[in-house]
Amino acid sequence: MPKSIADRLSWFATALGSTAATCLRMAVKSGHSGLRRVIGDGDSERPILILGNGPSLKSNLERDMGCLQRADTMAVNFFANSPEFMVVKPDYYVLADPHFFDKADSDPNVSKLIANLNTIDFEMTLLIPAVARGKARRLFDNRQLTIETFNFVAVEGFGWFENMMFGLRCGMPRPRNVLVPAIMTALWLGYKKIYLLGADHSWLSTLSVNDNNEVVSVQPHFYKEDEREVTRIRSEYVRHPLHEVLESMMIAFRSYHRIREYADREGVEVINVTPGSMIDAFVRQKDFTVGD
């Protein structure tokens with residue numbers, strides 16, 4: 001907290017405004033969260049592996065497949081469009097971006113993703129924003145899929161208020177990247193040890209501006225890039241000036257630090273085992289271990 005009276009008043013006014021804005025967002029966007037704790041106290045050492053789609057995940061898929069198949073795993077975004085999806089058979093799958101629910105008919109990659117999820121022959125829990133519940137029920141009809149919802153709402157304000165809302169599952173730190181809801185839902189499910197794989201976040205090293213003053217950002221993944229998705233991402237970036245793109249990245253990295261604070265408070269270990277990851281919020285390890 002700031003030390004001078006003027007700084008304290010400014011901080012208080014900012015926190016109060018953010019708290020009020022969050023309450024308004026929750027009133028409009030929050031809904032019933034179906035998430036329930038699935039990990040009991042006796043399983044407190046049972047970890048979950050969150051599989052980000054960064055390029056480093058390829059080495060995990062080649063080297064650690066047996067471990068990935070034994071462990072509790074959570075996949076995100078377009079992982080289901082890769083051949084490895086049906087081998088790993090993740091326990092949980094997070095879709096948060098509205099693009100997945102609004103472009104099912106117009107984006108071939110999204111259509112493929114939905115088709116792949118609708119044809120799985122193993123049990124999996126699909127985690128989606130509460131506001132997308134109605135659309136998801138129309139898109140997914142596989143009985144192997146259990147759809148659960150979470151509140152994809154940015155919570156900001158007084159620290160005590162943020163912690164209370166996180167605990168009530170009303171929202172999360174600003175979810176500028178899918179890894180934010182992935183970590184928060186894993187925490188809400190009761191996992192006390194969360195490993196991050198493929199969380200490279202190497203966006204800064206791929207960022208540039210061309211001679212037309214258009215921002216160019218390559219989004220590398222462990223799988224071969226689909227040209228249509230590359231074109232879509234490129235078109236998204238050229239709409240924004242560089243300072244907005246950098247601010248968006250800053251928000252994502254800041255959210256990880258807020259998650260770290262909350263995880264520490266709740267006795268949850270979030271461990272980043274991604275080599276070369278740009279995320280500086282979590283404890284780093286070179287490897288991960290799961291029980292037999």
# chains A, B, ... in the order shown; residues from 1 in each chain; ligands from 1
>>> residues_around(residues="region 128-138 of chain A", least_positions_apart="3", cutoff="9 Å", atoms="only C-alpha atoms", output="VMD selection string")
chain A and resid 29 to 34 93 to 98 101 to 102 141 147 to 153
>>> closest_atom_pairs(of="region 86-185 of chain A", to="region 47-54 of chain A", cutoff="9 Å", atoms="only C-alpha atoms", output="Markdown table")
| residue | atom | partner | partner_atom | distance |
| --- | --- | --- | --- | --- |
| A:Val178 | CA | A:Gly52 | CA | 8.7 |
| A:Leu179 | CA | A:Gly52 | CA | 7.2 |
| A:Ala182 | CA | A:Ile50 | CA | 7.2 |
| A:Ile183 | CA | A:Ile50 | CA | 7.6 |
>>> select_by_dssp(residues="region 12-244 of chain A", states="helix (DSSP H, G or I)", output="mmCIF file with C-alpha atoms, in the first residue's frame")
data_model
loop_
_atom_site.group_PDB
_atom_site.id
_atom_site.type_symbol
_atom_site.label_atom_id
_atom_site.label_comp_id
_atom_site.auth_asym_id
_atom_site.auth_seq_id
_atom_site.Cartn_x
_atom_site.Cartn_y
_atom_site.Cartn_z
ATOM 1 C CA PHE A 12 -8.203 3.633 -2.399
ATOM 2 C CA ALA A 13 -10.157 5.427 -5.133
ATOM 3 C CA THR A 14 -8.672 3.166 -7.816
ATOM 4 C CA ALA A 15 -9.372 0.000 -5.819
ATOM 5 C CA LEU A 16 -12.909 1.157 -5.035
ATOM 6 C CA GLY A 17 -13.593 1.905 -8.697
ATOM 7 C CA SER A 18 -12.195 -1.468 -9.782
ATOM 8 C CA THR A 19 -14.275 -3.258 -7.151
ATOM 9 C CA ALA A 20 -17.442 -1.487 -8.323
ATOM 10 C CA ALA A 21 -16.659 -2.277 -11.973
ATOM 11 C CA THR A 22 -16.093 -5.942 -11.084
ATOM 12 C CA CYS A 23 -19.449 -6.120 -9.283
ATOM 13 C CA LEU A 24 -21.118 -4.775 -12.414
ATOM 14 C CA ARG A 25 -19.307 -7.310 -14.625
ATOM 15 C CA MET A 26 -20.313 -10.153 -12.333
ATOM 16 C CA ALA A 27 -23.938 -9.015 -12.325
ATOM 17 C CA VAL A 28 -23.970 -9.151 -16.126
ATOM 18 C CA LYS A 29 -21.683 -12.085 -16.924
ATOM 19 C CA ASP A 41 -7.639 -34.478 1.352
ATOM 20 C CA GLY A 42 -6.374 -38.029 0.904
ATOM 21 C CA ASP A 43 -5.355 -37.192 -2.672
ATOM 22 C CA LEU A 57 5.205 -29.541 -25.433
ATOM 23 C CA LYS A 58 6.412 -31.575 -28.406
ATOM 24 C CA SER A 59 9.354 -32.906 -26.397
ATOM 25 C CA ASN A 60 7.021 -33.886 -23.534
ATOM 26 C CA LEU A 61 4.759 -35.753 -25.938
ATOM 27 C CA GLU A 62 7.739 -37.620 -27.366
ATOM 28 C CA ARG A 63 9.549 -38.298 -24.079
ATOM 29 C CA MET A 65 3.815 -40.001 -23.085
ATOM 30 C CA GLY A 66 3.541 -42.857 -20.594
ATOM 31 C CA CYS A 67 3.530 -40.399 -17.722
ATOM 32 C CA LEU A 68 0.989 -38.157 -19.456
ATOM 33 C CA GLN A 69 -1.337 -41.125 -19.908
ATOM 34 C CA ARG A 70 -1.113 -42.068 -16.211
ATOM 35 C CA ASN A 77 -7.769 -24.716 -27.230
ATOM 36 C CA PHE A 78 -6.840 -26.654 -30.391
ATOM 37 C CA PHE A 79 -5.053 -29.585 -28.743
ATOM 38 C CA ALA A 80 -7.885 -31.890 -29.871
ATOM 39 C CA ASN A 81 -6.941 -31.222 -33.510
ATOM 40 C CA PHE A 85 -5.066 -35.919 -28.385
ATOM 41 C CA MET A 86 -6.453 -39.434 -28.779
ATOM 42 C CA VAL A 87 -3.285 -40.866 -27.241
ATOM 43 C CA VAL A 88 -3.077 -38.619 -24.176
ATOM 44 C CA HIS A 99 -14.382 -17.741 -30.911
ATOM 45 C CA PHE A 100 -14.875 -21.450 -30.185
ATOM 46 C CA PHE A 101 -18.601 -21.018 -29.632
ATOM 47 C CA ASP A 102 -19.379 -18.295 -32.181
ATOM 48 C CA PRO A 108 -12.908 -24.924 -40.309
ATOM 49 C CA ASN A 109 -10.450 -25.372 -37.433
ATOM 50 C CA VAL A 110 -13.189 -24.810 -34.870
ATOM 51 C CA SER A 111 -15.513 -27.162 -36.756
ATOM 52 C CA LYS A 112 -12.794 -29.821 -36.702
ATOM 53 C CA LEU A 113 -12.225 -29.284 -32.994
ATOM 54 C CA ILE A 114 -15.917 -29.715 -32.186
ATOM 55 C CA ALA A 115 -16.129 -32.833 -34.368
ATOM 56 C CA ASN A 116 -13.101 -34.355 -32.649
ATOM 57 C CA LEU A 117 -14.514 -33.687 -29.187
ATOM 58 C CA ALA A 130 -20.955 -20.061 -17.862
ATOM 59 C CA VAL A 131 -22.152 -17.577 -20.497
ATOM 60 C CA ALA A 132 -21.466 -20.167 -23.229
ATOM 61 C CA ARG A 133 -23.516 -22.947 -21.636
ATOM 62 C CA GLY A 134 -26.443 -22.663 -24.061
ATOM 63 C CA LYS A 135 -24.237 -22.622 -27.159
ATOM 64 C CA ALA A 136 -22.150 -25.529 -25.884
ATOM 65 C CA ARG A 137 -25.198 -27.711 -25.385
ATOM 66 C CA ARG A 138 -26.080 -27.231 -29.041
ATOM 67 C CA LEU A 139 -22.521 -27.921 -30.226
ATOM 68 C CA GLY A 159 -7.233 -7.610 -2.264
ATOM 69 C CA TRP A 160 -9.686 -9.047 0.271
ATOM 70 C CA PHE A 161 -12.495 -8.652 -2.277
ATOM 71 C CA GLU A 162 -10.513 -10.409 -5.016
ATOM 72 C CA ASN A 163 -9.659 -13.318 -2.715
ATOM 73 C CA MET A 164 -13.272 -13.678 -1.638
ATOM 74 C CA MET A 165 -14.545 -13.691 -5.234
ATOM 75 C CA PHE A 166 -11.879 -16.195 -6.279
ATOM 76 C CA GLY A 167 -12.912 -18.441 -3.393
ATOM 77 C CA LEU A 179 -3.775 -20.595 -19.119
ATOM 78 C CA VAL A 180 -5.426 -18.301 -16.529
ATOM 79 C CA PRO A 181 -8.781 -20.174 -16.466
ATOM 80 C CA ALA A 182 -6.913 -23.479 -16.816
ATOM 81 C CA ILE A 183 -4.920 -22.874 -13.627
ATOM 82 C CA MET A 184 -7.883 -21.426 -11.742
ATOM 83 C CA THR A 185 -10.218 -24.306 -12.651
ATOM 84 C CA ALA A 186 -7.541 -26.833 -11.643
ATOM 85 C CA LEU A 187 -7.267 -25.019 -8.316
ATOM 86 C CA TRP A 188 -11.044 -24.980 -7.873
ATOM 87 C CA LEU A 204 7.892 -11.152 -27.326
ATOM 88 C CA SER A 205 10.567 -12.931 -29.352
ATOM 89 C CA THR A 206 8.197 -13.263 -32.324
ATOM 90 C CA GLU A 227 -2.439 -21.660 -42.549
ATOM 91 C CA ARG A 228 -6.040 -20.586 -41.980
ATOM 92 C CA GLU A 229 -5.433 -20.171 -38.252
ATOM 93 C CA VAL A 230 -2.166 -18.318 -38.918
ATOM 94 C CA THR A 231 -4.079 -15.948 -41.210
ATOM 95 C CA ARG A 232 -6.802 -15.428 -38.594
ATOM 96 C CA ILE A 233 -4.307 -14.597 -35.853
ATOM 97 C CA ARG A 234 -2.395 -12.278 -38.180
ATOM 98 C CA SER A 235 -5.589 -10.405 -39.033
ATOM 99 C CA GLU A 236 -6.370 -10.026 -35.325
ATOM 100 C CA TYR A 237 -3.013 -8.430 -34.584
ATOM 101 C CA LEU A 242 1.865 -2.116 -30.786
ATOM 102 C CA HIS A 243 1.175 -0.491 -27.417
ATOM 103 C CA GLU A 244 -2.190 -2.288 -27.191
#
>>> select_by_dssp(residues="region 11-227 of chain A", states="strand (DSSP E or B)", output="ChimeraX atom specification")
/A:48-51,72-76,92-94,124-129,145-150,154,172,193-197,207-209,215-217
>>> closest_atom_pairs(of="region 140-220 of chain A", to="region 247-253 of chain A", cutoff="12 Å", atoms="only C-alpha atoms", output="tab-separated table")
residue	atom	partner	partner_atom	distance
A:Ala154	CA	A:Ile251	CA	11.1
A:Pro173	CA	A:Ala252	CA	9.0
A:Arg174	CA	A:Ile251	CA	7.1
A:Pro175	CA	A:Ala252	CA	7.0
A:Arg176	CA	A:Ala252	CA	5.2
A:Asn177	CA	A:Ala252	CA	6.1
A:Val178	CA	A:Ala252	CA	9.5
A:Leu179	CA	A:Ala252	CA	9.0
A:Val180	CA	A:Ala252	CA	7.9
A:Pro181	CA	A:Ala252	CA	11.3
A:Ala199	CA	A:Phe253	CA	11.7
A:Asp200	CA	A:Phe253	CA	12.0
A:His201	CA	A:Phe253	CA	9.2
A:Ser202	CA	A:Met249	CA	10.5
A:Trp203	CA	A:Met249	CA	8.2
A:Leu204	CA	A:Met249	CA	8.6
A:Leu207	CA	A:Met249	CA	11.1
A:Ser217	CA	A:Met249	CA	11.7
>>> atom_distance(atom1="CA of Arg254 (chain A)", atom2="CA of Trp11 (chain A)")
17.8 Å
>>> atom_distance(atom1="CA of Glu266 (chain A)", atom2="CA of Leu196 (chain A)")
18.0 Å
